[in-house]
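**Student:** Below is the file query.cif, which contains mmCIF, C-alpha atoms.
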data_final
loop_
_atom_site.label_atom_id
_atom_site.label_comp_id
_atom_site.auth_asym_id
_atom_site.auth_seq_id
_atom_site.Cartn_x
_atom_site.Cartn_y
_atom_site.Cartn_z
CA MET A 1 0.00 0.00 0.00
CA THR A 2 1.37 3.38 -0.99
CA VAL A 3 0.90 6.40 1.31
CA LYS A 4 1.01 9.84 -0.19
CA ILE A 5 3.37 12.37 1.33
CA ASP A 6 0.62 14.94 1.48
CA ASP A 7 -1.64 12.64 3.52
CA PRO A 8 -3.53 14.92 6.01
CA ALA A 9 -2.90 12.55 8.95
CA ILE A 10 0.86 12.52 8.40
CA SER A 11 0.99 16.26 7.82
CA LEU A 12 -0.98 16.93 11.02
CA SER A 13 1.26 14.58 13.04
CA ALA A 14 4.41 16.20 11.70
CA THR A 15 3.04 19.66 12.44
CA ARG A 16 2.21 18.73 16.01
CA GLN A 17 5.62 17.18 16.64
CA ALA A 18 7.39 20.12 15.04
CA SER A 19 5.47 22.49 17.31
CA LEU A 20 6.83 20.56 20.30
CA ARG A 21 10.43 20.95 19.17
CA PRO A 22 11.15 24.24 21.01
CA VAL A 23 9.90 22.69 24.26
CA LEU A 24 11.95 19.52 23.74
CA GLU A 25 15.04 21.57 22.88
CA TRP A 26 14.64 23.59 26.07
CA LEU A 27 14.26 20.40 28.14
CA ALA A 28 17.20 18.69 26.42
CA ARG A 29 19.62 21.56 26.99
CA ARG A 30 18.71 21.83 30.68
CA ALA A 31 18.63 18.10 31.27
CA GLU A 32 22.23 17.65 30.13
CA PRO A 33 23.98 19.13 33.19
CA ILE A 34 21.55 17.39 35.55
CA VAL A 35 21.94 13.96 33.97
CA ILE A 36 25.72 14.17 33.57
CA THR A 37 26.22 15.52 37.10
CA LEU A 38 24.03 12.82 38.65
CA GLY A 39 25.83 10.22 36.55
CA GLY A 40 29.15 11.58 37.78
CA ILE A 41 28.02 11.39 41.40
CA LEU A 42 26.88 7.78 40.97
CA ALA A 43 30.14 6.90 39.22
CA GLY A 44 32.10 8.55 42.04
CA LEU A 45 30.16 6.59 44.65
CA ALA A 46 30.77 3.38 42.72
CA LEU A 47 34.50 4.12 42.52
CA PHE A 48 34.60 4.89 46.23
CA SER A 49 32.80 1.60 46.89
CA LEU A 50 35.73 -0.24 45.29
CA PHE A 51 38.05 1.60 47.68
CA LEU A 52 35.93 0.46 50.64
CA LEU A 53 35.87 -3.13 49.41
CA ALA A 54 39.66 -3.06 49.21
CA LEU A 55 39.66 -2.06 52.89
CA GLY A 56 37.27 -4.88 53.75
CA LYS A 57 34.39 -2.51 54.56
CA SER A 58 30.79 -2.62 53.39
CA PRO A 59 29.79 0.17 50.97
CA ALA A 60 26.11 -0.48 51.69
CA MET A 61 26.67 0.09 55.41
CA LEU A 62 28.61 3.31 54.76
CA TYR A 63 25.90 4.79 52.54
CA GLN A 64 23.24 3.77 55.03
CA LEU A 65 25.14 5.52 57.82
CA MET A 66 25.68 8.50 55.54
CA TYR A 67 21.94 8.81 55.04
CA THR A 68 21.18 8.29 58.72
CA GLY A 69 23.82 10.76 59.92
CA GLY A 70 23.04 13.43 57.34
CA PHE A 71 19.37 13.18 56.45
CA GLY A 72 17.72 10.45 58.53
CA SER A 73 16.16 12.63 61.25
CA TRP A 74 15.24 16.23 61.96
CA PHE A 75 18.34 16.53 64.14
CA SER A 76 20.52 15.21 61.31
CA ILE A 77 18.92 17.55 58.78
CA GLN A 78 19.55 20.56 61.02
CA ASN A 79 23.16 19.47 61.48
CA SER A 80 23.54 19.17 57.70
CA LEU A 81 22.00 22.62 57.16
CA SER A 82 24.40 24.12 59.69
CA ARG A 83 27.37 22.63 57.86
CA ALA A 84 25.96 23.74 54.52
CA SER A 85 25.71 27.41 55.56
CA PRO A 86 29.37 28.36 54.98
CA LEU A 87 29.53 26.18 51.87
CA LEU A 88 26.83 28.28 50.21
CA LEU A 89 29.00 31.37 50.52
CA THR A 90 32.37 29.83 49.70
CA ALA A 91 30.90 28.09 46.63
CA LEU A 92 29.82 31.48 45.30
CA CYS A 93 33.46 32.57 45.59
CA VAL A 94 34.22 29.97 42.91
CA ALA A 95 31.00 30.09 40.87
CA LEU A 96 30.81 33.83 40.20
CA PRO A 97 34.35 34.27 38.81
CA ALA A 98 33.78 31.10 36.75
CA ARG A 99 31.18 33.02 34.75
CA LEU A 100 34.08 35.21 33.63
CA GLY A 101 36.19 32.18 32.77
CA LEU A 102 38.29 32.49 35.94
CA VAL A 103 39.15 29.55 38.19
CA ILE A 104 39.45 30.97 41.71
CA ILE A 105 40.28 28.38 44.38
CA GLY A 106 41.55 30.63 47.17
CA GLY A 107 38.27 31.29 48.98
CA GLU A 108 39.78 29.96 52.20
CA GLY A 109 41.88 33.12 52.44
CA ALA A 110 38.83 35.36 52.24
CA VAL A 111 37.11 33.24 54.91
CA VAL A 112 39.87 33.58 57.49
CA LEU A 113 40.51 37.27 56.85
CA GLY A 114 36.78 37.97 56.91
CA GLY A 115 36.56 36.31 60.31
CA VAL A 116 39.50 38.27 61.68
CA ALA A 117 38.12 41.56 60.31
CA ALA A 118 34.71 40.84 61.85
CA ALA A 119 36.22 40.13 65.27
CA ALA A 120 38.56 43.13 65.10
CA ILE A 121 35.76 45.61 64.40
CA ALA A 122 33.30 44.07 66.86
CA LEU A 123 35.36 43.94 70.03
CA PRO A 124 35.89 47.71 70.46
CA LEU A 125 32.14 48.28 69.91
CA VAL A 126 30.87 45.76 72.43
CA GLY A 127 28.92 47.59 75.11
CA THR A 128 28.93 50.91 73.24
CA ALA A 129 26.80 50.17 70.16
CA PRO A 130 23.51 48.30 69.58
CA VAL A 131 23.80 44.61 68.71
CA LEU A 132 22.30 45.04 65.24
CA VAL A 133 24.74 47.83 64.41
CA VAL A 134 27.69 45.70 65.53
CA LEU A 135 26.56 42.73 63.45
CA ILE A 136 26.05 44.91 60.37
CA LEU A 137 29.50 46.44 60.77
CA MET A 138 31.00 42.98 61.23
CA ALA A 139 29.36 41.81 58.01
CA ALA A 140 30.47 44.93 56.14
CA ALA A 141 34.08 44.58 57.31
CA ALA A 142 34.19 40.88 56.42
CA PHE A 143 32.64 41.50 53.00
CA PHE A 144 35.04 44.35 52.26
CA ILE A 145 38.21 42.50 53.29
CA GLY A 146 37.19 39.29 51.55
CA GLY A 147 36.31 41.21 48.40
CA ILE A 148 39.60 43.06 48.32
CA TRP A 149 41.56 39.83 48.83
CA ILE A 150 39.95 37.81 46.03
CA SER A 151 39.82 40.74 43.62
CA LEU A 152 43.62 40.83 43.81
CA ALA A 153 43.73 37.48 41.99
CA GLY A 154 41.33 38.67 39.29
CA LEU A 155 43.09 41.97 38.71
CA LEU A 156 46.50 40.31 38.60
CA ARG A 157 45.16 38.02 35.88
CA HIS A 158 43.69 40.84 33.82
CA TYR A 159 46.44 43.45 34.11
CA ARG A 160 49.58 41.34 34.58
CA GLY A 161 48.64 37.96 33.08
CA VAL A 162 49.19 36.09 36.35
CA ASN A 163 47.35 32.77 36.50
CA GLU A 164 44.41 33.35 38.87
CA THR A 165 44.28 29.73 40.05
CA ILE A 166 47.84 29.80 41.34
CA SER A 167 47.69 33.37 42.67
CA SER A 168 44.43 32.80 44.56
CA LEU A 169 45.82 29.64 46.15
CA LEU A 170 49.02 31.42 47.20
CA LEU A 171 46.97 34.33 48.53
CA ALA A 172 45.05 31.84 50.68
CA TYR A 173 48.27 30.69 52.33
CA ILE A 174 49.30 34.31 52.90
CA ALA A 175 45.89 35.05 54.42
CA ILE A 176 46.20 32.14 56.86
CA ALA A 177 49.66 33.40 57.87
CA LEU A 178 48.24 36.90 58.42
CA MET A 179 45.41 35.48 60.51
CA ASN A 180 47.89 33.64 62.72
CA GLN A 181 49.94 36.83 63.04
CA PHE A 182 46.96 38.90 64.19
CA VAL A 183 45.42 36.23 66.42
CA GLU A 184 48.70 35.41 68.11
CA GLY A 185 49.80 39.04 68.20
CA PRO A 186 47.92 42.33 68.53
CA LEU A 187 44.41 40.79 68.70
CA ARG A 188 45.21 37.94 71.06
CA ASP A 189 43.19 37.49 74.22
CA PRO A 190 45.69 37.05 77.10
CA ALA A 191 43.35 34.49 78.61
CA SER A 192 43.62 32.18 75.58
CA LEU A 193 46.62 30.09 76.54
CA ASN A 194 46.44 26.75 74.71
CA LYS A 195 44.64 28.03 71.64
CA PRO A 196 45.40 31.66 70.74
CA SER A 197 42.27 33.60 69.79
CA THR A 198 40.69 37.01 70.01
CA LYS A 199 38.50 37.94 72.95
CA PRO A 200 35.19 36.09 72.79
CA LEU A 201 32.04 37.93 71.80
CA PRO A 202 29.44 38.26 74.56
CA SER A 203 26.47 35.94 74.03
CA GLY A 204 24.20 38.92 73.42
CA TYR A 205 26.26 39.89 70.38
CA MET A 206 26.23 36.45 68.79
CA LEU A 207 24.26 35.67 65.65
CA GLY A 208 21.38 33.56 66.98
CA ASN A 209 19.43 30.65 65.55
CA ILE A 210 16.49 30.71 63.19
CA PRO A 211 13.27 30.46 65.26
CA GLY A 212 12.16 26.85 65.60
CA MET A 213 15.46 25.48 64.32
CA ASP A 214 18.86 24.68 65.75
CA VAL A 215 20.47 26.37 62.74
CA ASN A 216 22.01 29.84 62.84
CA TRP A 217 21.02 32.74 60.59
CA GLY A 218 24.04 32.06 58.41
CA LEU A 219 21.84 29.66 56.45
CA VAL A 220 19.46 32.49 55.53
CA ILE A 221 22.41 34.71 54.63
CA GLY A 222 23.83 32.00 52.37
CA ILE A 223 20.55 31.24 50.59
CA THR A 224 19.89 34.97 50.12
CA ALA A 225 23.38 35.40 48.65
CA CYS A 226 22.73 32.56 46.18
CA VAL A 227 19.42 34.04 45.05
CA VAL A 228 20.90 37.54 44.72
CA SER A 229 23.84 36.13 42.76
CA TRP A 230 21.52 34.32 40.35
CA VAL A 231 19.54 37.51 39.75
CA LEU A 232 22.77 39.45 39.24
CA ILE A 233 24.14 36.98 36.69
CA GLU A 234 20.96 36.07 34.83
CA MET A 235 18.74 39.14 35.06
CA THR A 236 20.98 42.21 34.89
CA SER A 237 23.06 43.89 32.20
CA PHE A 238 26.13 43.52 34.44
CA GLY A 239 25.63 39.76 34.54
CA PHE A 240 25.02 39.61 30.79
CA ALA A 241 28.24 41.52 30.13
CA ALA A 242 30.10 39.20 32.50
CA ARG A 243 28.83 36.13 30.64
CA ILE A 244 29.85 37.67 27.32
CA ALA A 245 33.34 38.38 28.67
CA GLY A 246 33.54 34.87 30.07
CA GLY A 247 32.69 33.38 26.68
CA ASN A 248 35.22 35.41 24.70
CA VAL A 249 37.28 38.13 26.34
CA ARG A 250 38.64 39.40 23.04
CA ALA A 251 35.15 39.76 21.56
CA ALA A 252 34.00 41.57 24.70
CA GLN A 253 36.88 44.03 24.42
CA ILE A 254 36.12 44.66 20.76
CA GLN A 255 32.53 45.43 21.70
CA GLY A 256 33.81 47.97 24.22
CA LEU A 257 32.87 46.10 27.39
CA PRO A 258 34.90 47.16 30.46
CA VAL A 259 36.45 43.74 31.05
CA GLY A 260 38.78 44.98 33.79
CA LYS A 261 35.92 46.47 35.78
CA LEU A 262 33.82 43.35 35.26
CA ILE A 263 36.62 41.14 36.58
CA GLY A 264 37.39 43.43 39.51
CA GLY A 265 33.73 43.84 40.44
CA LEU A 266 32.65 40.22 40.19
CA THR A 267 35.71 38.82 41.97
CA ALA A 268 35.20 41.41 44.72
CA ILE A 269 31.59 40.30 45.17
CA ALA A 270 32.66 36.67 45.17
CA GLY A 271 35.36 37.30 47.76
CA GLY A 272 32.93 39.34 49.83
CA PHE A 273 30.61 36.36 50.12
CA ALA A 274 33.49 34.17 51.30
CA GLY A 275 34.38 36.87 53.82
CA LEU A 276 30.79 36.72 55.09
CA ALA A 277 31.30 32.99 55.72
CA GLY A 278 34.16 33.92 58.05
CA MET A 279 31.98 36.50 59.81
CA VAL A 280 29.25 33.90 60.37
CA GLU A 281 31.79 31.48 61.81
CA VAL A 282 32.90 34.11 64.32
CA ALA A 283 29.48 35.52 65.16
CA ALA A 284 27.49 32.28 65.22
CA VAL A 285 29.84 29.33 65.77
CA GLN A 286 33.27 30.09 67.24
CA GLY A 287 32.51 33.30 69.12
CA SER A 288 36.04 34.50 68.38
CA ALA A 289 38.65 34.47 65.62
CA ASN A 290 41.16 31.64 65.91
CA ALA A 291 42.85 28.92 63.88
CA SER A 292 39.53 27.06 63.57
CA LEU A 293 38.53 29.55 60.87
CA ALA A 294 40.78 27.60 58.49
CA ALA A 295 38.40 24.62 58.53
CA GLY A 296 38.56 23.91 54.81
CA TYR A 297 35.22 25.49 53.86
CA GLY A 298 36.90 27.38 51.04
CA TYR A 299 38.20 24.17 49.49
CA THR A 300 34.96 22.22 49.90
CA GLY A 301 33.23 25.18 48.25
CA ILE A 302 35.20 24.38 45.09
CA LEU A 303 33.54 20.96 44.90
CA VAL A 304 30.11 22.46 45.59
CA ALA A 305 30.53 25.01 42.79
CA PHE A 306 31.67 22.42 40.24
CA LEU A 307 28.89 19.99 41.16
CA ALA A 308 26.41 22.86 40.74
CA ARG A 309 27.91 23.79 37.35
CA HIS A 310 28.50 27.30 38.76
CA ASN A 311 24.76 27.91 38.97
CA PRO A 312 24.04 29.95 42.14
CA LEU A 313 20.60 28.35 42.61
CA ALA A 314 21.94 24.81 42.14
CA ILE A 315 24.53 25.53 44.83
CA ILE A 316 21.78 25.40 47.48
CA PRO A 317 20.85 21.68 47.16
CA VAL A 318 24.45 20.64 46.42
CA ALA A 319 25.72 22.38 49.57
CA PHE A 320 23.03 20.60 51.59
CA PHE A 321 24.08 17.27 50.07
CA LEU A 322 27.77 17.75 50.90
CA GLY A 323 26.88 19.20 54.29
CA GLY A 324 25.01 15.98 55.01
CA ILE A 325 28.02 13.88 53.99
CA ASP A 326 30.22 15.94 56.30
CA ALA A 327 27.69 15.66 59.15
CA ALA A 328 27.74 11.88 58.86
CA GLY A 329 31.52 11.70 59.19
CA GLY A 330 31.52 11.17 62.96
CA LEU A 331 28.92 8.41 62.80
CA ILE A 332 30.86 6.63 60.04
CA GLN A 333 34.03 6.84 62.10
CA ARG A 334 32.40 5.35 65.21
CA ARG A 335 30.35 2.60 63.56
CA MET A 336 32.77 1.41 60.89
CA GLY A 337 36.13 2.16 62.46
CA LEU A 338 37.17 4.32 59.55
CA PRO A 339 39.29 7.47 59.97
CA ASP A 340 37.60 10.86 59.91
CA ALA A 341 39.41 11.61 56.65
CA THR A 342 37.19 9.06 54.89
CA VAL A 343 34.72 11.81 54.07
CA LEU A 344 37.53 13.86 52.52
CA VAL A 345 38.53 10.90 50.36
CA LEU A 346 34.92 10.59 49.19
CA GLN A 347 34.75 14.30 48.38
CA GLY A 348 38.04 14.10 46.49
CA THR A 349 36.79 11.11 44.50
CA LEU A 350 33.61 12.94 43.55
CA PHE A 351 35.61 16.01 42.53
CA ILE A 352 37.90 14.02 40.22
CA VAL A 353 34.99 12.19 38.59
CA ILE A 354 33.02 15.41 38.10
CA LEU A 355 36.02 17.02 36.42
CA PHE A 356 36.33 13.98 34.15
CA CYS A 357 32.62 14.22 33.29
CA GLU A 358 33.22 17.69 31.82
CA THR A 359 34.49 15.87 28.72
CA PHE A 360 31.01 14.42 28.08
CA TYR A 361 29.25 17.74 27.55
CA GLY A 362 28.12 18.18 23.96
CA ARG A 363 28.85 14.55 23.05
CA PHE A 364 25.33 13.12 23.35
CA ARG A 365 22.98 13.69 20.45
CA ILE A 366 19.89 13.57 22.63
CA PHE A 367 21.07 16.63 24.59
CA ASN A 368 22.24 18.59 21.54
CA PRO A 369 19.30 19.88 19.46
CA ASP A 370 21.73 21.23 16.85
CA LEU A 371 22.43 17.61 15.87
CA TRP A 372 18.79 16.61 15.60
CA ASN A 373 17.68 15.81 12.06
CA THR A 374 14.57 17.79 11.16
CA ARG A 375 13.19 15.02 8.94
CA ASP A 376 13.73 12.37 11.63
CA PHE A 377 12.13 14.67 14.19
CA ALA A 378 9.05 15.06 12.02
CA LYS A 379 8.84 11.26 11.79
CA GLY A 380 8.97 10.97 15.57
CA ARG A 381 12.63 9.92 15.87
CA GLY A 382 14.04 13.26 17.16
#
Let's see the structure in the file written out as structure tokens.

**Tutor:**
Amino acid sequence: MTVKIDDPAISLSATRQASLRPVLEWLARRAEPIVITLGGILAGLALFSLFLLALGKSPAMLYQLMYTGGFGSWFSIQNSLSRASPLLLTALCVALPARLGLVIIGGEGAVVLGGVAAAAIALPLVGTAPVLVVLILMAAAAFFIGGIWISLAGLLRHYRGVNETISSLLLAYIAIALMNQFVEGPLRDPASLNKPSTKPLPSGYMLGNIPGMDVNWGLVIGITACVVSWVLIEMTSFGFAARIAGGNVRAAQIQGLPVGKLIGGLTAIAGGFAGLAGMVEVAAVQGSANASLAAGYGYTGILVAFLARHNPLAIIPVAFFLGGIDAAGGLIQRRMGLPDATVLVLQGTLFIVILFCETFYGRFRIFNPDLWNTRDFAKGRG
């Protein structure tokens, strides 16, 4: 039986399917990072399972404990949210410069200097200024110092051609040395003998918990920063110019975009958020500036940002996921007899696999509408 090409039924079917193409293209492009990232996480967990089997440990037991310790109860969820709070801010320190094509990995330096700056400005004001004013000034000082520190790496790259990855990492080591100098020197509390630190903040000047939760307000600050960052990047002319410069710096310069100002401004904002993470640690967790500020949040934030594909909104669930893994570390150590560094090994494994998965972007026809054949699509094989 011969079917004519101009058969009304076939024409109507092709028209309907063609009208769905824009929707399917939109879904395909946005599904790619989700599918590849989830695949990378599963591959990383599988690879880590082989490591556990080599140690004679049960991967199933570890993942069960990971779920129980991080997400299995309201207490565990609150603990995970508390650990996710600084990760939200330090991940932005990586994600925002990445939109400009910069790889900044020195957020740890902004964290520690932000914490020291917050403590230094708060202590003279205790008892003389309202609590809200002190907290605002602490946040402003931390944001300013963190922004200045990270913008150095961006400006060195733009004006002197210095690799920002190396310079930001070296600046982090310098920042930790400066923190130790201040905490053990002019800002040291004479009463802190075994662990040098600044004078502790009075309880009335601490950043409290969210009502009804055992989680400090740093979580709200972090989520707000992620939302604001997404609006800045996706909904403003500044963010559009930054994305253009990140795609092709030379083309942006030809078009007259102020690339230097874009780099300086966005890296300053990114560093400011990492500085806020240090302020939250001082005002809500530690109560003072000390060596505990260098807890590795800046480095874990790198993994969060890459897992989230540098999307500020995606950083929120990814930070919660990694915060839960970190929260389960103590339970894993007690129940399975594994060292506390096991969680770090898992994070490192995930990071390596996610970096490897970058090579898969654009390789799958189903996620690349540009490779779809229009005739096949009309026949229902798109």

**Student:** Have a look at A:Glu281, A:Ala31, A:Gly39, A:Leu52 and name the one nearest to Met336 (chain A); count only C-alpha atoms.

**Tutor:**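 For Met336 (chain A), the nearest of the candidates is A:Leu52.
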
**Student:** Could you list the residues chosen by the PyMOL selection byres ((chain A and resi 301) around 12) in this structure as a ChimeraX atom specification?

**Tutor:** /A:83-95,104-108,111,270,273-274,277,295-300,302-308,310,315-316,318-320,322-323,347,351

**Student:** Which region 195-290 of chain A residues have any atom within 10 Å of an atom of region 127-148 of chain A, and for each, what is the nearest pair of atoms with distance in Å to one decimal, counting only C-alpha atoms, rows sorted by chain and number, as a Markdown table?

**Tutor:**
| residue | atom | partner | partner_atom | distance |
| --- | --- | --- | --- | --- |
| A:Pro202 | CA | A:Gly127 | CA | 9.4 |
| A:Gly204 | CA | A:Val131 | CA | 7.4 |
| A:Tyr205 | CA | A:Val131 | CA | 5.6 |
| A:Met206 | CA | A:Leu135 | CA | 8.3 |
| A:Leu207 | CA | A:Leu135 | CA | 7.7 |
| A:Gly264 | CA | A:Ile148 | CA | 9.1 |
| A:Gly265 | CA | A:Gly147 | CA | 8.8 |
| A:Leu266 | CA | A:Gly147 | CA | 9.0 |
| A:Thr267 | CA | A:Gly147 | CA | 6.9 |
| A:Ala268 | CA | A:Gly147 | CA | 3.8 |
| A:Ile269 | CA | A:Gly147 | CA | 5.8 |
| A:Ala270 | CA | A:Gly147 | CA | 6.7 |
| A:Gly271 | CA | A:Gly147 | CA | 4.1 |
| A:Gly272 | CA | A:Phe143 | CA | 3.8 |
| A:Phe273 | CA | A:Phe143 | CA | 6.2 |
| A:Ala274 | CA | A:Gly146 | CA | 6.3 |
| A:Gly275 | CA | A:Gly146 | CA | 4.3 |
| A:Leu276 | CA | A:Ala142 | CA | 5.5 |
| A:Ala277 | CA | A:Ala142 | CA | 8.4 |
| A:Gly278 | CA | A:Ala142 | CA | 7.1 |
| A:Met279 | CA | A:Ala142 | CA | 6.0 |
| A:Val280 | CA | A:Ala139 | CA | 8.3 |
| A:Val282 | CA | A:Met138 | CA | 9.6 |
| A:Ala283 | CA | A:Leu135 | CA | 8.0 |

**Student:** Save the residues we just selected, C-alpha atoms, as a PDB file, keeping the file's coordinate frame?

**Tutor:**
ATOM      1  CA  PRO A 202      29.440  38.260  74.560  1.00  0.00           C
ATOM      2  CA  GLY A 204      24.200  38.920  73.420  1.00  0.00           C
ATOM      3  CA  TYR A 205      26.260  39.890  70.380  1.00  0.00           C
ATOM      4  CA  MET A 206      26.230  36.450  68.790  1.00  0.00           C
ATOM      5  CA  LEU A 207      24.260  35.670  65.650  1.00  0.00           C
ATOM      6  CA  GLY A 264      37.390  43.430  39.510  1.00  0.00           C
ATOM      7  CA  GLY A 265      33.730  43.840  40.440  1.00  0.00           C
ATOM      8  CA  LEU A 266      32.650  40.220  40.190  1.00  0.00           C
ATOM      9  CA  THR A 267      35.710  38.820  41.970  1.00  0.00           C
ATOM     10  CA  ALA A 268      35.200  41.410  44.720  1.00  0.00           C
ATOM     11  CA  ILE A 269      31.590  40.300  45.170  1.00  0.00           C
ATOM     12  CA  ALA A 270      32.660  36.670  45.170  1.00  0.00           C
ATOM     13  CA  GLY A 271      35.360  37.300  47.760  1.00  0.00           C
ATOM     14  CA  GLY A 272      32.930  39.340  49.830  1.00  0.00           C
ATOM     15  CA  PHE A 273      30.610  36.360  50.120  1.00  0.00           C
ATOM     16  CA  ALA A 274      33.490  34.170  51.300  1.00  0.00           C
ATOM     17  CA  GLY A 275      34.380  36.870  53.820  1.00  0.00           C
ATOM     18  CA  LEU A 276      30.790  36.720  55.090  1.00  0.00           C
ATOM     19  CA  ALA A 277      31.300  32.990  55.720  1.00  0.00           C
ATOM     20  CA  GLY A 278      34.160  33.920  58.050  1.00  0.00           C
ATOM     21  CA  MET A 279      31.980  36.500  59.810  1.00  0.00           C
ATOM     22  CA  VAL A 280      29.250  33.900  60.370  1.00  0.00           C
ATOM     23  CA  VAL A 282      32.900  34.110  64.320  1.00  0.00           C
ATOM     24  CA  ALA A 283      29.480  35.520  65.160  1.00  0.00           C
TER      25      ALA A 283
END

**Student:** Go through A:Pro59, A:Ile121, A:Glu164, A:Cys357 and flag the residue nearest Thr198 (chain A), using only C-alpha atoms for the distances.

**Tutor:**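 Smallest separation from Thr198 (chain A) among the options: A:Ile121.
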
**Student:** Could you state the separation of CA of Pro124 (chain A) and CA of Ala110 (chain A) in Å, given to one decimal place?

**Tutor:** 22.2 Å

**Student:** Expand the PyMOL selection byres ((chain A and resi 199) around 12) into the individual residues it matches in the shown file, reporting them as a ChimeraX atom specification.

**Tutor:** /A:116,119-124,126,183-184,186-193,195-198,200-202,282,286-290
